[in-house]
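The structure appears right after this line, and notes come after that.
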Amino acid sequence: MAVDIERKPFSRILEHLRWIATGKGYSAALSLIYLAILTRSLGPANYGAFSLILGAVATLQLLLGFNVWQVLLKYGHEHIQNKNFDALARLIRFCTVIDLFTAVLGVVAVALILVLGGTALGMTENLRWLTFGYAIVVLVSLRSGPRGSLRLLHT
């Protein structure tokens, strides 16, 4: 989208707000359709278990997630401007290690919760393994290091 300097700033702000609002509205409508299909497919008991698993994994991800992409952006630009690519590589390596450590820590936390509290939560053995697999996928796949590297190199 090219910047139109002929238009007033307020009209440009309104146009950007319209773009944001329509995107969020579309996403909200699709989420409601997804929720309706999911609740009808799973039924009340299984949907409750699904919600519990989803909420628990999201909470762990929030608690254990270090936003290292912010570190990469803050300190990486200086290394790029100074053409100090060895220091940039060390910074990316350090942030990747932090990302991997928090992922492993999250997987260990989920395993402990499922082993120690699975019966208290009323989870069957099959549901525990499904929860553990889902937690591994979520905690390991959503890392912020690669996101920070992409933002750093494409800003």
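Convention: chains lettered A, B, ... in structure tokens order; per-chain residue numbering from 1; ligands numbered from 1 as shown.
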
Task: Exercise: A:Val104 partners within 12 Å, only C-alpha atoms, chain neighbours under 2 positions left out, as a list of chain:residue names - done: A:Leu60, A:Gln61, A:Leu64, A:Gly65, A:Val97, A:Ile98, A:Asp99, A:Leu100, A:Phe101, A:Thr102, A:Gly106, A:Val107, A:Val108, A:Ala109, A:Val110, A:Ala111, A:Ala135, A:Ile136, A:Val137, A:Val138, A:Leu139, A:Val140, A:Ser141, A:Arg143

Please produce a file of those selected residues containing N, CA and C atoms, as a PDB file, in the first residue's frame.
ATOM      1  N   LEU A  60       0.689 -22.605  29.832  1.00  0.00           N
ATOM      2  CA  LEU A  60       2.102 -22.972  29.953  1.00  0.00           C
ATOM      3  C   LEU A  60       2.954 -22.271  28.907  1.00  0.00           C
ATOM      4  N   GLN A  61       2.441 -22.168  27.705  1.00  0.00           N
ATOM      5  CA  GLN A  61       3.192 -21.492  26.656  1.00  0.00           C
ATOM      6  C   GLN A  61       3.389 -20.018  27.011  1.00  0.00           C
ATOM      7  N   LEU A  64       5.974 -19.866  30.052  1.00  0.00           N
ATOM      8  CA  LEU A  64       7.349 -20.284  29.750  1.00  0.00           C
ATOM      9  C   LEU A  64       7.930 -19.625  28.508  1.00  0.00           C
ATOM     10  N   GLY A  65       7.131 -18.884  27.781  1.00  0.00           N
ATOM     11  CA  GLY A  65       7.619 -18.283  26.553  1.00  0.00           C
ATOM     12  C   GLY A  65       8.389 -16.999  26.806  1.00  0.00           C
ATOM     13  N   VAL A  97      19.076 -21.105  21.695  1.00  0.00           N
ATOM     14  CA  VAL A  97      19.270 -21.956  22.873  1.00  0.00           C
ATOM     15  C   VAL A  97      18.211 -21.645  23.934  1.00  0.00           C
ATOM     16  N   ILE A  98      17.917 -20.380  24.145  1.00  0.00           N
ATOM     17  CA  ILE A  98      16.874 -20.007  25.110  1.00  0.00           C
ATOM     18  C   ILE A  98      15.527 -20.559  24.656  1.00  0.00           C
ATOM     19  N   ASP A  99      15.217 -20.447  23.380  1.00  0.00           N
ATOM     20  CA  ASP A  99      13.970 -20.983  22.847  1.00  0.00           C
ATOM     21  C   ASP A  99      13.869 -22.492  23.070  1.00  0.00           C
ATOM     22  N   LEU A 100      14.928 -23.209  22.744  1.00  0.00           N
ATOM     23  CA  LEU A 100      14.918 -24.660  22.921  1.00  0.00           C
ATOM     24  C   LEU A 100      14.817 -25.046  24.393  1.00  0.00           C
ATOM     25  N   PHE A 101      15.492 -24.315  25.261  1.00  0.00           N
ATOM     26  CA  PHE A 101      15.426 -24.598  26.692  1.00  0.00           C
ATOM     27  C   PHE A 101      14.006 -24.413  27.225  1.00  0.00           C
ATOM     28  N   THR A 102      13.350 -23.332  26.837  1.00  0.00           N
ATOM     29  CA  THR A 102      11.990 -23.114  27.317  1.00  0.00           C
ATOM     30  C   THR A 102      11.025 -24.149  26.743  1.00  0.00           C
ATOM     31  N   GLY A 106       8.911 -26.627  29.072  1.00  0.00           N
ATOM     32  CA  GLY A 106       7.465 -26.757  28.939  1.00  0.00           C
ATOM     33  C   GLY A 106       7.016 -28.195  28.790  1.00  0.00           C
ATOM     34  N   VAL A 107       7.752 -28.986  28.007  1.00  0.00           N
ATOM     35  CA  VAL A 107       7.407 -30.395  27.818  1.00  0.00           C
ATOM     36  C   VAL A 107       7.557 -31.150  29.142  1.00  0.00           C
ATOM     37  N   VAL A 108       8.610 -30.850  29.888  1.00  0.00           N
ATOM     38  CA  VAL A 108       8.803 -31.492  31.203  1.00  0.00           C
ATOM     39  C   VAL A 108       7.684 -31.091  32.159  1.00  0.00           C
ATOM     40  N   ALA A 109       7.290 -29.824  32.134  1.00  0.00           N
ATOM     41  CA  ALA A 109       6.202 -29.361  33.010  1.00  0.00           C
ATOM     42  C   ALA A 109       4.896 -30.064  32.670  1.00  0.00           C
ATOM     43  N   VAL A 110       4.590 -30.209  31.391  1.00  0.00           N
ATOM     44  CA  VAL A 110       3.370 -30.912  30.991  1.00  0.00           C
ATOM     45  C   VAL A 110       3.427 -32.367  31.421  1.00  0.00           C
ATOM     46  N   ALA A 111       4.577 -33.011  31.251  1.00  0.00           N
ATOM     47  CA  ALA A 111       4.709 -34.411  31.664  1.00  0.00           C
ATOM     48  C   ALA A 111       4.477 -34.557  33.163  1.00  0.00           C
ATOM     49  N   ALA A 135       0.671 -31.028  23.483  1.00  0.00           N
ATOM     50  CA  ALA A 135       1.541 -30.074  24.179  1.00  0.00           C
ATOM     51  C   ALA A 135       2.926 -30.027  23.539  1.00  0.00           C
ATOM     52  N   ILE A 136       3.452 -31.173  23.171  1.00  0.00           N
ATOM     53  CA  ILE A 136       4.769 -31.200  22.522  1.00  0.00           C
ATOM     54  C   ILE A 136       4.722 -30.419  21.208  1.00  0.00           C
ATOM     55  N   VAL A 137       3.700 -30.663  20.412  1.00  0.00           N
ATOM     56  CA  VAL A 137       3.597 -29.965  19.127  1.00  0.00           C
ATOM     57  C   VAL A 137       3.505 -28.462  19.330  1.00  0.00           C
ATOM     58  N   VAL A 138       2.659 -28.025  20.251  1.00  0.00           N
ATOM     59  CA  VAL A 138       2.467 -26.592  20.459  1.00  0.00           C
ATOM     60  C   VAL A 138       3.701 -25.943  21.063  1.00  0.00           C
ATOM     61  N   LEU A 139       4.273 -26.553  22.081  1.00  0.00           N
ATOM     62  CA  LEU A 139       5.397 -25.937  22.775  1.00  0.00           C
ATOM     63  C   LEU A 139       6.677 -25.919  21.940  1.00  0.00           C
ATOM     64  N   VAL A 140       6.849 -26.888  21.075  1.00  0.00           N
ATOM     65  CA  VAL A 140       8.071 -26.950  20.282  1.00  0.00           C
ATOM     66  C   VAL A 140       7.936 -26.171  18.973  1.00  0.00           C
ATOM     67  N   SER A 141       6.737 -26.092  18.408  1.00  0.00           N
ATOM     68  CA  SER A 141       6.605 -25.475  17.091  1.00  0.00           C
ATOM     69  C   SER A 141       6.476 -23.959  17.125  1.00  0.00           C
ATOM     70  N   ARG A 143       7.974 -21.095  18.300  1.00  0.00           N
ATOM     71  CA  ARG A 143       9.146 -20.471  18.908  1.00  0.00           C
ATOM     72  C   ARG A 143       9.336 -19.089  18.331  1.00  0.00           C
TER      73      ARG A 143
END

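The neighbours of stretch 84-91 of chain A here are the residues that come within 12 Å of it, using only C-alpha atoms and leaving out any residue fewer than 2 positions away in the same chain; they are Val68, Trp69, Gln70, Val71, Leu72, Leu73, Lys74, Tyr75, Gly76, His77, Glu78, His79, Ile80, Gln81, Asn82, Arg93, Phe94, Cys95, Thr96, Val97, Ile98, Gly145, Gly148, Ser149, Leu152 and Leu153 of chain A.
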
TODO: Go through chain A and collect every residue that DSSP, computed from the backbone, puts in alpha helix (DSSP H); the answer should be as JSON, numbers by chain.
DONE: {"A": [9, 10, 11, 12, 13, 14, 15, 16, 17, 18, 19, 20, 21, 22, 23, 24, 25, 26, 27, 28, 29, 30, 31, 32, 33, 34, 35, 36, 37, 38, 39, 40, 41, 42, 43, 44, 45, 46, 47, 48, 49, 50, 51, 52, 53, 54, 55, 56, 57, 58, 59, 60, 61, 62, 63, 64, 68, 69, 70, 71, 72, 73, 74, 75, 76, 77, 78, 79, 80, 81, 85, 86, 87, 88, 89, 90, 91, 92, 93, 94, 95, 96, 97, 98, 99, 100, 101, 102, 103, 104, 105, 106, 107, 108, 109, 110, 111, 112, 113, 114, 115, 116, 117, 125, 126, 127, 128, 129, 130, 131, 132, 133, 134, 135, 136, 137, 138, 139, 140, 141, 145, 146, 147, 148, 149, 150, 151, 152, 153]}

TODO: Tell me, as JSON, numbers by chain, which residues lie within 12 Å of A:Leu54, counting only C-alpha atoms; anything in the same chain fewer than 2 positions away does not count.
DONE: {"A": [47, 48, 49, 50, 51, 52, 56, 57, 58, 59, 60, 61, 130, 131, 132, 134, 135, 138, 139]}

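If you measure from each of A:Leu14, A:Ala36, A:Leu150, A:Ile53 to A:Ile92 using only C-alpha atoms, the closest one turns out to be A:Leu150.
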
Open item on the list: Quick check, in Å to one decimal: how far apart do atom CA of A:Leu114 and atom CA of A:Asn126 lie?
Closed with: 11.5 Å
